[in-house]
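Engineer: Below is the file query08.tsv, with TSV, C-alpha atoms (C1' of nucleotides).
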chain	number	residue	atom	x	y	z
A	9	MET	CA	-69.27	61.90	57.60
A	10	LYS	CA	-66.95	59.13	58.78
A	11	MET	CA	-70.03	56.96	59.01
A	12	ARG	CA	-69.27	53.45	60.14
A	13	THR	CA	-71.25	50.79	58.36
A	14	PRO	CA	-72.09	47.55	60.16
A	15	ASN	CA	-69.38	45.96	58.03
A	16	HIS	CA	-66.77	48.36	59.32
A	17	ARG	CA	-67.75	47.53	62.84
A	18	LYS	CA	-67.71	43.80	62.19
A	19	ASN	CA	-64.25	44.02	60.64
A	20	GLN	CA	-62.99	46.12	63.52
A	21	LYS	CA	-64.19	43.53	66.01
A	22	ALA	CA	-62.47	40.80	64.03
A	23	LEU	CA	-59.25	42.83	63.95
A	24	ASP	CA	-59.40	43.39	67.69
A	25	ALA	CA	-59.87	39.70	68.34
A	26	PHE	CA	-57.00	38.88	66.00
A	27	ALA	CA	-54.71	41.38	67.71
A	28	SER	CA	-55.43	39.85	71.10
A	29	LEU	CA	-54.92	36.36	69.74
A	30	TRP	CA	-51.61	37.37	68.19
A	31	ARG	CA	-50.35	38.99	71.36
A	32	ALA	CA	-51.40	36.02	73.46
A	33	SER	CA	-49.57	33.67	71.15
A	34	GLU	CA	-46.44	35.83	71.29
A	35	SER	CA	-46.68	36.13	75.02
A	36	LEU	CA	-46.98	32.38	75.56
A	37	GLY	CA	-44.09	31.92	73.13
A	38	VAL	CA	-41.93	34.14	75.29
A	39	SER	CA	-42.80	32.06	78.35
A	40	ALA	CA	-41.96	28.89	76.46
A	41	ARG	CA	-38.60	30.25	75.31
A	42	ARG	CA	-37.47	31.03	78.83
A	43	SER	CA	-36.44	27.40	79.10
A	44	LEU	CA	-33.68	28.12	76.55
A	45	LYS	CA	-31.97	30.65	78.81
A	46	GLY	CA	-28.27	29.93	78.85
A	47	LYS	CA	-28.55	26.77	76.77
A	48	ASP	CA	-27.11	28.28	73.58
A	49	LEU	CA	-30.04	27.02	71.54
A	50	THR	CA	-32.17	29.14	69.25
A	51	SER	CA	-35.89	28.57	69.29
A	52	CYS	CA	-35.98	26.82	65.93
A	53	GLN	CA	-33.14	24.57	67.00
A	54	PHE	CA	-35.21	23.82	70.07
A	55	GLY	CA	-38.17	23.14	67.79
A	56	VAL	CA	-36.25	20.46	65.93
A	57	LEU	CA	-35.09	18.83	69.15
A	58	GLU	CA	-38.53	18.96	70.68
A	59	VAL	CA	-40.16	17.28	67.68
A	60	LEU	CA	-37.49	14.58	67.54
A	61	TYR	CA	-37.83	14.04	71.28
A	62	ARG	CA	-41.59	13.58	71.10
A	63	LEU	CA	-41.84	11.70	67.81
A	64	GLY	CA	-38.51	9.91	67.43
A	65	PRO	CA	-36.25	10.03	64.34
A	66	LEU	CA	-37.83	11.75	61.34
A	67	CYS	CA	-36.67	12.42	57.84
A	68	GLN	CA	-36.22	16.02	56.89
A	69	TYR	CA	-39.44	16.63	55.00
A	70	GLU	CA	-41.34	15.28	58.01
A	71	LEU	CA	-39.45	17.72	60.22
A	72	GLY	CA	-40.41	20.51	57.83
A	73	ASP	CA	-44.06	19.48	57.99
A	74	ASN	CA	-44.03	19.46	61.78
A	75	LEU	CA	-42.29	22.81	62.01
A	76	SER	CA	-44.17	24.44	59.12
A	77	CYS	CA	-41.04	25.47	57.29
A	78	THR	CA	-39.34	24.81	54.00
A	79	GLY	CA	-36.88	22.06	53.15
A	80	GLY	CA	-34.05	24.51	52.70
A	81	ASN	CA	-34.66	25.76	56.19
A	82	VAL	CA	-34.53	22.26	57.67
A	83	THR	CA	-31.23	21.66	55.88
A	84	VAL	CA	-29.63	24.71	57.49
A	85	VAL	CA	-30.93	24.16	61.00
A	86	VAL	CA	-30.03	20.47	61.00
A	87	ASP	CA	-26.59	21.42	59.62
A	88	ASN	CA	-26.01	23.69	62.58
A	89	LEU	CA	-27.20	21.11	65.10
A	90	GLU	CA	-25.13	18.38	63.44
A	91	LYS	CA	-21.94	20.48	63.62
A	92	ARG	CA	-22.41	20.60	67.37
A	93	GLY	CA	-23.05	16.88	67.70
A	94	ILE	CA	-26.62	17.31	68.87
A	95	VAL	CA	-28.27	15.43	66.01
A	96	ARG	CA	-27.03	12.89	63.51
A	97	ARG	CA	-28.08	12.27	59.87
A	98	GLU	CA	-28.62	8.75	58.61
A	99	ARG	CA	-29.48	7.95	55.03
A	100	CYS	CA	-32.40	5.60	54.58
A	101	CYS	CA	-31.60	2.24	52.89
A	102	GLU	CA	-34.96	1.61	51.29
A	103	ASP	CA	-35.31	5.07	49.80
A	104	ARG	CA	-31.91	6.60	49.43
A	105	ARG	CA	-33.41	10.06	48.90
A	106	GLN	CA	-34.53	10.24	52.50
A	107	ILE	CA	-32.29	11.22	55.38
A	108	TYR	CA	-33.41	10.44	58.90
A	109	VAL	CA	-32.42	12.83	61.64
A	110	HIS	CA	-31.70	11.27	65.05
A	111	LEU	CA	-30.94	12.81	68.41
A	112	THR	CA	-27.44	11.93	69.60
A	113	LYS	CA	-26.82	11.02	73.22
A	114	THR	CA	-25.73	14.63	73.77
A	115	GLY	CA	-28.87	15.90	72.07
A	116	ARG	CA	-31.13	13.67	74.11
A	117	GLY	CA	-29.45	14.84	77.29
A	118	LEU	CA	-29.91	18.45	76.29
A	119	ILE	CA	-33.57	18.27	75.33
A	120	SER	CA	-34.53	16.15	78.33
A	121	GLN	CA	-33.09	18.89	80.54
A	122	ILE	CA	-34.96	21.64	78.73
A	123	PHE	CA	-38.28	20.03	77.93
A	124	PRO	CA	-39.76	19.95	81.44
A	125	LYS	CA	-38.98	23.65	81.88
A	126	HIS	CA	-40.53	24.35	78.52
A	127	VAL	CA	-43.71	22.59	79.55
A	128	SER	CA	-43.93	24.19	82.95
A	129	GLY	CA	-43.26	27.63	81.46
A	130	ILE	CA	-46.27	27.23	79.22
A	131	ALA	CA	-48.39	25.74	81.98
A	132	GLN	CA	-47.56	28.59	84.29
A	133	ALA	CA	-48.44	31.25	81.72
A	134	MET	CA	-51.60	29.38	80.80
A	135	ALA	CA	-52.59	29.20	84.46
A	136	GLN	CA	-54.03	32.70	84.17
A	137	LEU	CA	-57.00	30.83	82.75
A	138	THR	CA	-59.05	28.26	84.61
A	139	ARG	CA	-59.18	24.72	83.27
A	140	GLN	CA	-62.63	25.46	81.95
A	141	GLU	CA	-61.45	28.62	80.21
A	142	GLN	CA	-58.52	26.74	78.69
A	143	LYS	CA	-60.96	24.24	77.24
A	144	ILE	CA	-63.09	26.98	75.72
A	145	LEU	CA	-60.03	28.71	74.30
A	146	GLU	CA	-58.85	25.46	72.76
A	147	ARG	CA	-62.23	24.79	71.19
A	148	LEU	CA	-62.48	28.28	69.68
A	149	CYS	CA	-58.96	28.04	68.29
A	150	GLN	CA	-59.69	24.65	66.80
A	151	LYS	CA	-62.63	26.18	65.02
A	152	LEU	CA	-60.34	28.84	63.60
A	153	ASN	CA	-57.92	26.14	62.52
A	154	GLY	CA	-60.34	24.99	59.91
A	155	ARG	CA	-62.00	22.03	61.53
A	156	ASN	CA	-65.36	23.67	60.89
A	157	ALA	CA	-64.45	25.45	57.69
A	158	LYS	CA	-67.23	25.57	55.18
A	159	PRO	CA	-65.62	27.54	52.36
A	160	LYS	CA	-67.55	30.68	51.51
A	161	GLY	CA	-66.64	33.19	48.82
A	162	ASN	CA	-63.49	32.81	46.76
A	163	GLY	CA	-60.93	34.03	49.25
A	164	ALA	CA	-59.07	36.06	46.63
B	26	MET	CA	-45.66	2.50	85.91
B	27	LYS	CA	-46.03	5.51	83.64
B	28	MET	CA	-48.46	6.90	86.14
B	29	ARG	CA	-49.73	10.32	85.25
B	30	THR	CA	-50.00	12.64	88.16
B	31	PRO	CA	-52.65	15.36	88.18
B	32	ASN	CA	-49.83	17.77	87.41
B	33	HIS	CA	-48.90	15.88	84.28
B	34	ARG	CA	-52.48	16.03	83.11
B	35	LYS	CA	-52.79	19.70	83.90
B	36	ASN	CA	-49.61	20.47	81.99
B	37	GLN	CA	-50.76	18.38	79.06
B	38	LYS	CA	-54.03	20.31	78.89
B	39	ALA	CA	-52.14	23.58	78.96
B	40	LEU	CA	-49.84	22.35	76.17
B	41	ASP	CA	-52.82	21.32	74.07
B	42	ALA	CA	-54.43	24.71	74.50
B	43	PHE	CA	-51.17	26.44	73.63
B	44	ALA	CA	-50.74	24.34	70.50
B	45	SER	CA	-54.22	25.25	69.30
B	46	LEU	CA	-53.64	28.88	70.08
B	47	TRP	CA	-50.36	28.85	68.21
B	48	ARG	CA	-51.86	27.20	65.15
B	49	ALA	CA	-54.81	29.58	65.14
B	50	SER	CA	-52.49	32.55	65.28
B	51	GLU	CA	-50.40	31.14	62.42
B	52	SER	CA	-53.49	30.36	60.42
B	53	LEU	CA	-54.92	33.85	60.78
B	54	GLY	CA	-51.50	35.23	59.92
B	55	VAL	CA	-51.57	33.31	56.65
B	56	SER	CA	-54.99	34.77	55.83
B	57	ALA	CA	-53.71	38.25	56.62
B	58	ARG	CA	-50.65	37.82	54.42
B	59	ARG	CA	-52.72	36.89	51.36
B	60	SER	CA	-53.18	40.62	50.81
B	61	LEU	CA	-49.47	40.83	49.96
B	62	LYS	CA	-49.79	38.50	46.97
B	63	GLY	CA	-47.97	40.02	44.02
B	64	LYS	CA	-47.14	43.27	45.86
B	65	ASP	CA	-43.44	42.48	46.35
B	66	LEU	CA	-43.65	43.28	50.04
B	67	THR	CA	-42.49	41.03	52.85
B	68	SER	CA	-44.70	40.73	55.87
B	69	CYS	CA	-42.41	42.79	58.08
B	70	GLN	CA	-42.23	45.50	55.45
B	71	PHE	CA	-46.01	45.40	55.45
B	72	GLY	CA	-45.92	45.64	59.23
B	73	VAL	CA	-43.97	48.88	59.06
B	74	LEU	CA	-46.29	50.37	56.46
B	75	GLU	CA	-49.38	49.30	58.34
B	76	VAL	CA	-48.22	50.90	61.58
B	77	LEU	CA	-47.23	54.13	59.83
B	78	TYR	CA	-50.57	54.14	58.01
B	79	ARG	CA	-52.56	53.78	61.22
B	80	LEU	CA	-50.46	55.91	63.54
B	81	GLY	CA	-48.70	58.43	61.28
B	82	PRO	CA	-44.95	59.15	61.24
B	83	LEU	CA	-43.01	57.47	64.04
B	84	CYS	CA	-39.41	57.46	65.06
B	85	GLN	CA	-37.60	54.18	64.82
B	86	TYR	CA	-37.71	53.07	68.41
B	87	GLU	CA	-41.47	53.61	68.37
B	88	LEU	CA	-41.67	51.43	65.28
B	89	GLY	CA	-39.67	48.79	67.09
B	90	ASP	CA	-42.01	48.93	70.07
B	91	ASN	CA	-45.06	48.55	67.86
B	92	LEU	CA	-43.54	45.68	65.91
B	93	SER	CA	-41.88	44.00	68.90
B	94	CYS	CA	-38.48	43.92	67.31
B	95	THR	CA	-35.01	45.31	67.93
B	96	GLY	CA	-33.63	48.60	66.74
B	97	GLY	CA	-31.16	46.92	64.43
B	98	ASN	CA	-34.03	45.17	62.77
B	99	VAL	CA	-35.92	48.41	62.22
B	100	THR	CA	-32.82	49.95	60.65
B	101	VAL	CA	-32.59	47.17	58.07
B	102	VAL	CA	-36.26	47.02	57.16
B	103	VAL	CA	-36.56	50.80	56.89
B	104	ASP	CA	-33.38	50.80	54.78
B	105	ASN	CA	-34.96	48.41	52.33
B	106	LEU	CA	-38.21	50.36	52.16
B	107	GLU	CA	-36.33	53.65	51.76
B	108	LYS	CA	-34.27	52.31	48.83
B	109	ARG	CA	-37.55	51.67	47.04
B	110	GLY	CA	-38.97	55.09	47.80
B	111	ILE	CA	-41.78	53.73	49.97
B	112	VAL	CA	-40.76	55.51	53.16
B	113	ARG	CA	-38.62	58.54	53.94
B	114	ARG	CA	-36.40	59.31	56.96
B	115	GLU	CA	-36.45	62.72	58.55
B	116	ARG	CA	-34.21	63.71	61.43
B	117	CYS	CA	-35.96	65.37	64.34
B	118	CYS	CA	-34.92	68.98	65.09
B	119	GLU	CA	-35.59	69.02	68.81
B	120	ASP	CA	-33.83	65.78	69.56
B	121	ARG	CA	-31.35	65.08	66.85
B	122	ARG	CA	-30.94	61.47	67.90
B	123	GLN	CA	-34.42	60.64	66.69
B	124	ILE	CA	-35.29	59.88	63.09
B	125	TYR	CA	-38.92	59.99	62.05
B	126	VAL	CA	-40.07	57.60	59.37
B	127	HIS	CA	-42.77	58.88	57.00
B	128	LEU	CA	-44.75	57.18	54.26
B	129	THR	CA	-44.00	58.69	50.86
B	130	LYS	CA	-46.80	59.28	48.38
B	131	THR	CA	-45.85	55.98	46.74
B	132	GLY	CA	-45.91	54.25	50.10
B	133	ARG	CA	-49.27	55.68	51.02
B	134	GLY	CA	-50.69	54.56	47.68
B	135	LEU	CA	-49.34	51.06	48.21
B	136	ILE	CA	-50.59	50.54	51.75
B	137	SER	CA	-54.00	52.03	51.04
B	138	GLN	CA	-54.40	49.45	48.28
B	139	ILE	CA	-53.36	46.57	50.49
B	140	PHE	CA	-54.87	47.48	53.84
B	141	PRO	CA	-58.54	46.81	53.02
B	142	LYS	CA	-57.64	43.36	51.69
B	143	HIS	CA	-55.62	42.71	54.81
B	144	VAL	CA	-58.59	43.58	57.00
B	145	SER	CA	-61.11	41.59	55.01
B	146	GLY	CA	-58.76	38.58	54.92
B	147	ILE	CA	-58.66	38.57	58.70
B	148	ALA	CA	-62.38	39.20	59.02
B	149	GLN	CA	-63.15	36.36	56.66
B	150	ALA	CA	-60.97	33.90	58.56
B	151	MET	CA	-62.37	35.11	61.86
B	152	ALA	CA	-65.90	34.63	60.56
B	153	GLN	CA	-65.64	30.96	61.45
B	154	LEU	CA	-66.54	32.23	64.90
B	155	THR	CA	-69.76	34.02	65.78
B	156	ARG	CA	-69.54	37.56	67.11
B	157	GLN	CA	-70.18	36.21	70.56
B	158	GLU	CA	-67.41	33.64	70.23
B	159	GLN	CA	-65.02	36.31	68.98
B	160	LYS	CA	-65.74	38.33	72.09
B	161	ILE	CA	-65.06	35.37	74.34
B	162	LEU	CA	-61.85	34.58	72.49
B	163	GLU	CA	-60.71	38.17	72.82
B	164	ARG	CA	-61.44	38.23	76.53
B	165	LEU	CA	-59.56	34.99	77.19
B	166	CYS	CA	-56.57	36.20	75.17
B	167	GLN	CA	-56.55	39.49	77.03
B	168	LYS	CA	-56.41	37.54	80.25
B	169	LEU	CA	-53.38	35.68	78.93
B	170	ASN	CA	-51.85	39.00	77.94
B	171	GLY	CA	-51.70	39.98	81.54
B	172	ARG	CA	-54.59	42.42	81.81
B	173	ASN	CA	-56.15	40.39	84.60
B	174	ALA	CA	-52.92	39.20	86.06
B	175	LYS	CA	-53.15	39.12	89.78
B	176	PRO	CA	-49.59	38.05	90.34
B	177	LYS	CA	-49.40	34.66	91.98
B	178	GLY	CA	-46.09	32.98	92.61
B	179	ASN	CA	-42.92	34.71	91.55
B	180	GLY	CA	-43.04	34.20	87.79
B	181	ALA	CA	-39.35	33.38	87.64
C	13	DC	C1'	-35.85	-0.44	28.77
C	14	DT	C1'	-36.26	4.50	28.38
C	15	DT	C1'	-38.19	8.75	29.04
C	16	DA	C1'	-40.76	11.75	31.90
C	17	DA	C1'	-42.50	13.12	36.24
C	18	DA	C1'	-42.33	13.33	41.10
C	19	DT	C1'	-39.86	13.41	45.47
C	20	DA	C1'	-35.96	14.41	48.98
C	21	DG	C1'	-32.48	17.20	49.89
C	22	DT	C1'	-29.00	21.01	48.88
C	23	DT	C1'	-27.58	25.48	47.42
C	24	DT	C1'	-28.08	30.36	46.48
C	25	DA	C1'	-29.69	35.07	46.92
C	26	DA	C1'	-32.22	38.22	49.43
C	27	DA	C1'	-34.35	39.53	53.47
C	28	DC	C1'	-35.33	39.15	58.47
C	29	DT	C1'	-33.85	38.72	63.36
C	30	DT	C1'	-31.15	38.99	67.48
C	31	DA	C1'	-27.43	40.37	70.60
C	32	DA	C1'	-23.48	42.92	71.13
C	33	DA	C1'	-20.34	46.51	70.05
C	34	DC	C1'	-20.26	50.91	68.37
C	35	DT	C1'	-21.23	56.33	67.33
C	36	DA	C1'	-23.66	60.44	68.22
C	37	DA	C1'	-26.66	63.23	70.89
C	38	DT	C1'	-28.84	64.29	75.15
C	39	DA	C1'	-29.51	64.36	80.18
C	40	DT	C1'	-27.81	64.10	84.90
C	41	DG	C1'	-25.16	65.43	88.75
C	42	DA	C1'	-21.08	66.43	91.36
D	16	DT	C1'	-18.25	72.90	83.86
D	17	DC	C1'	-17.19	68.18	83.10
D	18	DA	C1'	-17.60	63.38	83.77
D	19	DT	C1'	-20.99	59.90	83.57
D	20	DA	C1'	-25.02	57.69	82.13
D	21	DT	C1'	-28.76	57.15	79.07
D	22	DT	C1'	-30.95	57.11	74.64
D	23	DA	C1'	-31.41	56.62	69.35
D	24	DG	C1'	-29.65	54.65	65.71
D	25	DT	C1'	-26.08	51.84	63.02
D	26	DT	C1'	-23.09	48.02	62.19
D	27	DT	C1'	-21.55	43.30	62.54
D	28	DA	C1'	-21.74	38.33	63.08
D	29	DA	C1'	-24.43	34.41	63.35
D	30	DG	C1'	-28.55	32.25	62.48
D	31	DT	C1'	-33.31	31.85	60.41
D	32	DT	C1'	-36.50	31.99	56.53
D	33	DT	C1'	-38.25	31.86	51.87
D	34	DA	C1'	-38.42	30.96	46.88
D	35	DA	C1'	-36.11	29.27	43.08
D	36	DA	C1'	-32.73	26.61	40.77
D	37	DC	C1'	-30.28	22.57	41.20
D	38	DT	C1'	-28.77	17.20	42.02
D	39	DA	C1'	-29.90	12.58	43.02
D	40	DT	C1'	-33.16	9.05	43.49
D	41	DT	C1'	-37.42	6.76	42.71
D	42	DT	C1'	-41.73	5.95	40.29
D	43	DA	C1'	-44.79	5.81	36.33
D	44	DA	C1'	-45.83	5.50	31.41
D	45	DG	C1'	-44.81	4.35	26.93
Would you give me this structure, written as structure tokens?
Structural biologist:
Amino acid sequence: MKMRTPNHRKNQKALDAFASLWRASESLGVSARRSLKGKDLTSCQFGVLEVLYRLGPLCQYELGDNLSCTGGNVTVVVDNLEKRGIVRRERCCEDRRQIYVHLTKTGRGLISQIFPKHVSGIAQAMAQLTRQEQKILERLCQKLNGRNAKPKGNGA
Amino acid sequence: MKMRTPNHRKNQKALDAFASLWRASESLGVSARRSLKGKDLTSCQFGVLEVLYRLGPLCQYELGDNLSCTGGNVTVVVDNLEKRGIVRRERCCEDRRQIYVHLTKTGRGLISQIFPKHVSGIAQAMAQLTRQEQKILERLCQKLNGRNAKPKGNGA
DNA sequence: CTTAAATAGTTTAAACTTAAACTAATATGA
DNA sequence: TCATATTAGTTTAAGTTTAAACTATTTAAG
């Protein structure tokens, strides 16, 4: 009894790989969030600042795209940052539906303090792999991210 | 100007690898959550059921450990599942501080419907990698998770 | 032009999440 | 014993997250 078919085994292997992947992602996330220690910023607030810092002013749906979250979510997080004078909303002239979110001087100061620590936190955690291993990891993850996806079956 | 030191490049590579890892983890998570379609279960509620299904009754701090969340969080999620008759609390006799959480019959029925879809969703997404690639991915992630960590530097 | 559809953002309700303060039960140690 | 510390769980406050319903603006179709 309790016979394991090849399919069971295959699924188990996939589950194991997923569990490791998940834990690794969480673990790196923890390293990245260390940079927020004592800065009174939540990690999604940091996410907004980081995207604005790298990409410049964005309107809210672009922020949502970059952060993979809903519009309602962006509204709330930007509200909270705006109350503290860290970002600023500016309605677009050409399309008055859009609202661009800018870093204020305060916000820019804050994120430029934190960002280098954020980067080095990730780099330090990632340094458990060699450069070569990092490359392999990146390539495998890119494959999982759909770059090579030939749809098979119906997925339902 | 704008000279990139080797350290800049190294950090950038690490960031790139992290970004891919993060997206892959998110992407697999989406595949896993497809099993919840139409079941009126949030993914953390599913998390509780899945752990109880695999490991049997657990007390709440053990649930929190398994789900990497705080005790207050467990209280709320178990509350919501209990209201719907999906789990049941049972105070422990030997140590009356502990409360064991059990699946009810309803809960067991629900999770045993969902679990196979959950597994096959992950397996299907993971099938973009060969078995060999999955093994490599798992090994690299385990390294990131500290299994091979020979401590270097102070980590602070 | 005028209606209909699409888009950008807000609001609401329900749930999740954390940290911190709290209660109750247990363990430790003078 | 009795005071102290630890542990398990709850509660609270603040913030995040989603889906759905909503407003305002723009675009497309007739």
Engineer: Counting only C-alpha atoms (C1' of nucleotides), which residues from chain A have an atom at most 10 Å from any atom of chain C, and could you show them as a list in words?
Structural biologist: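 The complete set of qualifying residues is Cys67, Gln68, Tyr69, Gly79, Gly80, Val82, Thr83, Val84, Asp103, Arg104, Arg105, Gln106 and Ile107 of chain A.
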Engineer: Just fit chain A onto chain B on all the Cα atoms, in order, by least squares, and give it as a compact mmCIF listing (two decimals) with C-alpha atoms, in the frame of the given file.
Structural biologist:
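Final output, saved to part-v1.txt:
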# COMPACT_ATOMS: atom_id res chain seq x y z
CA MET A 9 -46.24 2.65 86.15
CA LYS A 10 -46.53 5.69 83.89
CA MET A 11 -48.93 7.09 86.44
CA ARG A 12 -50.21 10.51 85.53
CA THR A 13 -50.51 12.88 88.44
CA PRO A 14 -53.16 15.60 88.39
CA ASN A 15 -50.32 18.00 87.64
CA HIS A 16 -49.34 16.09 84.54
CA ARG A 17 -52.88 16.23 83.34
CA LYS A 18 -53.20 19.93 84.08
CA ASN A 19 -49.98 20.67 82.20
CA GLN A 20 -51.09 18.55 79.27
CA LYS A 21 -54.34 20.48 79.03
CA ALA A 22 -52.43 23.75 79.11
CA LEU A 23 -50.11 22.50 76.37
CA ASP A 24 -53.04 21.45 74.22
CA ALA A 25 -54.67 24.84 74.60
CA PHE A 26 -51.39 26.55 73.77
CA ALA A 27 -50.91 24.42 70.66
CA SER A 28 -54.36 25.31 69.40
CA LEU A 29 -53.80 28.97 70.16
CA TRP A 30 -50.48 28.91 68.31
CA ARG A 31 -51.93 27.22 65.27
CA ALA A 32 -54.88 29.60 65.18
CA SER A 33 -52.56 32.57 65.32
CA GLU A 34 -50.42 31.14 62.51
CA SER A 35 -53.46 30.33 60.47
CA LEU A 36 -54.92 33.83 60.78
CA GLY A 37 -51.48 35.21 59.95
CA VAL A 38 -51.49 33.26 56.71
CA SER A 39 -54.89 34.70 55.82
CA ALA A 40 -53.64 38.19 56.59
CA ARG A 41 -50.54 37.75 54.44
CA ARG A 42 -52.54 36.80 51.37
CA SER A 43 -53.01 40.50 50.77
CA LEU A 44 -49.27 40.73 49.99
CA LYS A 45 -49.54 38.37 47.02
CA GLY A 46 -47.67 39.87 44.11
CA LYS A 47 -46.90 43.13 45.89
CA ASP A 48 -43.20 42.39 46.46
CA LEU A 49 -43.50 43.22 50.14
CA THR A 50 -42.38 41.00 52.98
CA SER A 51 -44.61 40.73 55.99
CA CYS A 52 -42.39 42.83 58.23
CA GLN A 53 -42.17 45.49 55.56
CA PHE A 54 -45.95 45.37 55.48
CA GLY A 55 -45.94 45.67 59.27
CA VAL A 56 -44.00 48.92 59.11
CA LEU A 57 -46.30 50.35 56.45
CA GLU A 58 -49.41 49.27 58.29
CA VAL A 59 -48.31 50.92 61.54
CA LEU A 60 -47.33 54.14 59.76
CA TYR A 61 -50.63 54.11 57.88
CA ARG A 62 -52.69 53.76 61.05
CA LEU A 63 -50.63 55.94 63.39
CA GLY A 64 -48.89 58.45 61.13
CA PRO A 65 -45.13 59.21 61.13
CA LEU A 66 -43.23 57.58 63.99
CA CYS A 67 -39.63 57.63 65.05
CA GLN A 68 -37.80 54.36 64.88
CA TYR A 69 -37.95 53.31 68.51
CA GLU A 70 -41.72 53.82 68.40
CA LEU A 71 -41.86 51.59 65.33
CA GLY A 72 -39.85 48.99 67.21
CA ASP A 73 -42.25 49.16 70.15
CA ASN A 74 -45.26 48.71 67.89
CA LEU A 75 -43.70 45.82 66.01
CA SER A 76 -42.07 44.20 69.05
CA CYS A 77 -38.63 44.12 67.52
CA THR A 78 -35.21 45.54 68.17
CA GLY A 79 -33.79 48.85 66.99
CA GLY A 80 -31.29 47.15 64.73
CA ASN A 81 -34.13 45.37 63.03
CA VAL A 82 -36.04 48.60 62.42
CA THR A 83 -32.91 50.13 60.89
CA VAL A 84 -32.60 47.32 58.35
CA VAL A 85 -36.25 47.13 57.37
CA VAL A 86 -36.60 50.89 57.04
CA ASP A 87 -33.36 50.90 55.00
CA ASN A 88 -34.88 48.46 52.55
CA LEU A 89 -38.14 50.38 52.29
CA GLU A 90 -36.29 53.68 51.89
CA LYS A 91 -34.17 52.32 49.01
CA ARG A 92 -37.40 51.63 47.16
CA GLY A 93 -38.87 55.05 47.87
CA ILE A 94 -41.70 53.70 49.99
CA VAL A 95 -40.77 55.52 53.20
CA ARG A 96 -38.67 58.57 53.94
CA ARG A 97 -36.50 59.40 57.00
CA GLU A 98 -36.60 62.84 58.54
CA ARG A 99 -34.41 63.88 61.42
CA CYS A 100 -36.22 65.57 64.27
CA CYS A 101 -35.20 69.21 64.97
CA GLU A 102 -35.94 69.29 68.67
CA ASP A 103 -34.16 66.05 69.47
CA ARG A 104 -31.61 65.36 66.81
CA ARG A 105 -31.23 61.75 67.97
CA GLN A 106 -34.68 60.88 66.72
CA ILE A 107 -35.51 60.06 63.12
CA TYR A 108 -39.12 60.12 62.03
CA VAL A 109 -40.20 57.68 59.37
CA HIS A 110 -42.88 58.92 56.94
CA LEU A 111 -44.78 57.17 54.19
CA THR A 112 -43.98 58.64 50.78
CA LYS A 113 -46.73 59.20 48.24
CA THR A 114 -45.73 55.87 46.67
CA GLY A 115 -45.83 54.17 50.05
CA ARG A 116 -49.23 55.58 50.89
CA GLY A 117 -50.56 54.41 47.55
CA LEU A 118 -49.19 50.94 48.13
CA ILE A 119 -50.51 50.44 51.64
CA SER A 120 -53.92 51.90 50.86
CA GLN A 121 -54.25 49.29 48.12
CA ILE A 122 -53.22 46.45 50.40
CA PHE A 123 -54.80 47.38 53.70
CA PRO A 124 -58.45 46.69 52.82
CA LYS A 125 -57.51 43.22 51.55
CA HIS A 126 -55.53 42.63 54.70
CA VAL A 127 -58.53 43.51 56.82
CA SER A 128 -61.00 41.48 54.83
CA GLY A 129 -58.65 38.49 54.81
CA ILE A 130 -58.63 38.50 58.59
CA ALA A 131 -62.36 39.13 58.81
CA GLN A 132 -63.08 36.26 56.49
CA ALA A 133 -60.91 33.82 58.43
CA MET A 134 -62.37 35.06 61.70
CA ALA A 135 -65.88 34.55 60.35
CA GLN A 136 -65.65 30.89 61.31
CA LEU A 137 -66.60 32.23 64.72
CA THR A 138 -69.82 34.03 65.53
CA ARG A 139 -69.64 37.60 66.79
CA GLN A 140 -70.34 36.29 70.26
CA GLU A 141 -67.57 33.71 70.01
CA GLN A 142 -65.16 36.36 68.76
CA LYS A 143 -65.94 38.43 71.83
CA ILE A 144 -65.28 35.51 74.14
CA LEU A 145 -62.04 34.68 72.35
CA GLU A 146 -60.90 38.28 72.65
CA ARG A 147 -61.69 38.39 76.36
CA LEU A 148 -59.82 35.15 77.08
CA CYS A 149 -56.81 36.32 75.11
CA GLN A 150 -56.81 39.63 76.93
CA LYS A 151 -56.68 37.73 80.17
CA LEU A 152 -53.65 35.84 78.90
CA ASN A 153 -52.06 39.12 77.88
CA GLY A 154 -51.60 40.03 81.48
CA ARG A 155 -54.50 42.33 82.16
CA ASN A 156 -55.48 40.09 85.06
CA ALA A 157 -52.01 38.97 86.03
CA LYS A 158 -51.54 38.56 89.72
CA PRO A 159 -47.93 37.36 89.89
CA LYS A 160 -47.61 34.01 91.61
CA GLY A 161 -44.38 32.12 92.21
CA ASN A 162 -41.07 33.43 90.95
CA GLY A 163 -41.35 32.50 87.30
CA ALA A 164 -37.75 31.27 87.15
Engineer: Which distance in Å separates atom CA of A:Ala27 and atom CA of A:Pro14, to one decimal?
Structural biologist: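 Spanning atom CA of A:Ala27 to atom CA of A:Pro14 is a straight-line distance of 19.9 Å.
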Engineer: Please find the residues of chain A near chain B - the criterion being any atom within 6 Å, counting only C-alpha atoms - and write them as a PyMOL selection string.
Structural biologist: chain A and resi 19+22+25+28-30+32-33+131+146+149+152-153
Engineer: Rounded to one decimal, what separation in Å do you get between atom CA of B:Val102 and atom CA of A:Asn88?
Structural biologist: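 Value for the atom CA of B:Val102-atom CA of A:Asn88 distance: 26.1 Å.
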Engineer: Find the residue from B:Ser68, B:Leu128, B:Gly134, B:Phe140 that sits nearest to chain D; use all atoms listed in the file when measuring.
Structural biologist: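 When distances to chain D are compared using all atoms listed in the file, the smallest one comes from B:Ser68.
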Engineer: Within 10 Å of chain A, which residues of chain D show up when using only C-alpha atoms (C1' of nucleotides), listed as a list in words?
Structural biologist: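 Contact residues on the first chain: DG30, DT31, DT32, DT33, DA34, DA39, DT40 and DT41 of chain D.
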